[in-house]
Structure formats: structure tokens, C-alpha cells
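Notes follow once the structure below has been shown.
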Amino acid sequence: CMKKVVNIFLSVFGGIFILLGVIAIYNTVFWNVEHIIWFSNIMLILIGYGLLARNSLLISSCVNIIAIPNTFWTLDFFYYLIFGKGLFGLIDYFFEPGWLLINKIVSIQHVTIIPLAIISLYFLKVKRKDSWKLSLILTSIIFFMTRLFTSPEGNINCVYKSCLQIGFPEAVYPFVWFAITFLMIFTTNFILTNLKFLRFKKNKNLAFKNFHNN
């Protein structure tokens with residue numbers, strides 16, 4: 001019975017994340033096609049697929065990438081709700097007049113996706129400590145795609161300047177971006193692999209053994 005509940009949970013939220021990702025990408029076609037490449041849109045679909053495929057490596061790799069940025073977004077969001085202004089300037093767009101409800105529904109995933117991914121990893125378990133490798137590959141690909149296909153004015157994925165309004169010389173900023181991104185990835189990966197309730201232990205949790213094949 002519990003196994004069925006877990007399967008339903010993973011399948012439902014996997015489908016929801018993919019649907020939200022597709023909606024987000026569809027909306028950008030009519031608004032600004034450059035926004036397709038935002039990490040949040042891509043990670044929604046990848047984590048959704050990871051849930052459907054029961055692939056803990058893909059899920060943990062994506063969590064490594066977005067856990068810390070989403071934490072800043074969430075803090076900024078609740079700070080704005082309480083004090084009427086943003087703390088980091090990350091979510092001001094969310095409260096702009098004319099921002100469509102469907103866009104707000106998609107954006108609110110910044111608050112929910114990491115907790116739901118962690119719950120999923122509790123059932124699937126983190127079976128490898130080197131998910132950071134896939135995280136580095138994904139971030140590198142997305143960085144160069146963003147630089148090639150987007151303009152500095154949009155500052156998609158903060159690849160042209162800091163989204164936290166911290167000034168860095170333009171010539172060195174790409175190195176700063178990679179250094180900060182890699183630090184966030186390694187920090188999150190260290191935390192995930194050292195949380196005992198997420199670790200995969202051979203011959204334990206037999207009720208969920210069918211999940212431990214990724």
C-alpha cells in the first residue's frame with residue numbers, strides 16, 4: 001500500500017513539474033523567447049522527468065544546481081510578502097501589475113520544488129556521491145547556451161552580471177559566475193550526501209527496493 005502511495009506521489013509531481021515547465025516555455029514564446037533558457041524552466045522539466053523515471057542521480061544533480069538560488073528566491077518572496085519590498089531584488093517582477101496569474105503559478109515553484117525533490121530523494125535515496133559531475137556538465141552547457149543565444153539586457157541566468165546587484169568587473173565576471181556556481185553545487189552535494197535519511201543503504205528499505213535501480 002505504501003509503495004503505491006509513493007509511486008503515485010512521484011508520478012503526480014513528476015507530471016506536474018513537466019507540465020509547469022512546458023507552460024513556462026510556451027509562455028516565453030509569446031513574451032520573450034530568451035527566457036526559455038532560464039535554469040528554473042529547464043530544471044522543472046529535468047526534475048519532473050527524474051521523478052517519472054525514478055532517477056535519483058538526475059534529481060540530485062538538479063537539486064545541486066538550484067537549491068541555494070531557490071533559497072534566496074524564497075527568502076526574497078516571503079520578505080516581500082511581509083515588508084512590501086524585496087530583500088535581494090529577485091522577485092520584484094512577481095508583484096508587478098499585469099503579471100499574469102499563470103506566470104505566478106509557474107514562478108511559485110521556486111518555493112516548492114526543492115522540498116518536494118528532497119521528499120522524493122527520501123524515497124529514491126541518494127545512491128551516488130558524485131552527482132556534482134552531472135551538475136557541472138548541465139550548468140556549463142546552459143551557461144554557454146545563454147551567452148550564445150541571449151542578450152545582456154535580459155541577463156538570463158545572471159550570466160552577464162550578478163542578479164544580487166553586486167558589481168564585478170565585466171572581464172572577470174564569467175570566472176566569478178563559474179566559481180560561485182561550482183561552490184553552490186559542491187556545497188549542496190556535500191549536504192545531500194551526508195543527510196542520513198537520504199542515503200541508500202543496501203538491503204534496507206526493502207519495501208522500496210524497486211526504486212533503487214538508478
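Going by the C-alpha cells order, chains are called A, B, ..., each with residues numbered from 1, while ligands are numbered from 1 in the order shown.
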
- Pick out the residues sitting within 12 Å of Gly50 of chain A, and hand them over as a PyMOL selection string; count only C-alpha atoms, and ignore anything fewer than 4 positions along from it in its own chain. chain A and resi 10-11+13-15+17-18+43-46+54-63+117+120-121+124+211+214

- Tell me, as a list of chain:residue names, which residues lie within 10 Å of Asn27 of chain A, counting only C-alpha atoms; anything in the same chain fewer than 5 positions away does not count.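 Counting only C-alpha atoms, the residues come to A:Gly21, A:Val22, A:Asn32, A:Val33, A:His35, A:Ile36, A:Ile102, A:Asn103.
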
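If you count only C-alpha atoms and ignore residues fewer than 3 places along the chain from Thr71 of chain A, what sits within 9 Å of it is Ile66, Ala67, Ile68, Thr74, Leu75, Asp76, His110, Val111 and Ile114 of chain A.
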
- Compare A:Phe72, A:Phe123, A:Trp177, A:Trp99 by their minimum atom-to-atom distance to Phe144 of chain A, counting only C-alpha atoms, and give me the closest one.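 Closest residue, counting only C-alpha atoms: A:Trp177.
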
- Task: Write down as number ranges by chain the residues of segment 46-127 of chain A whose backbone DSSP state falls under helix (DSSP H, G or I).
- Result: A: 46-53, 56-83, 92-95, 101-107, 109-124
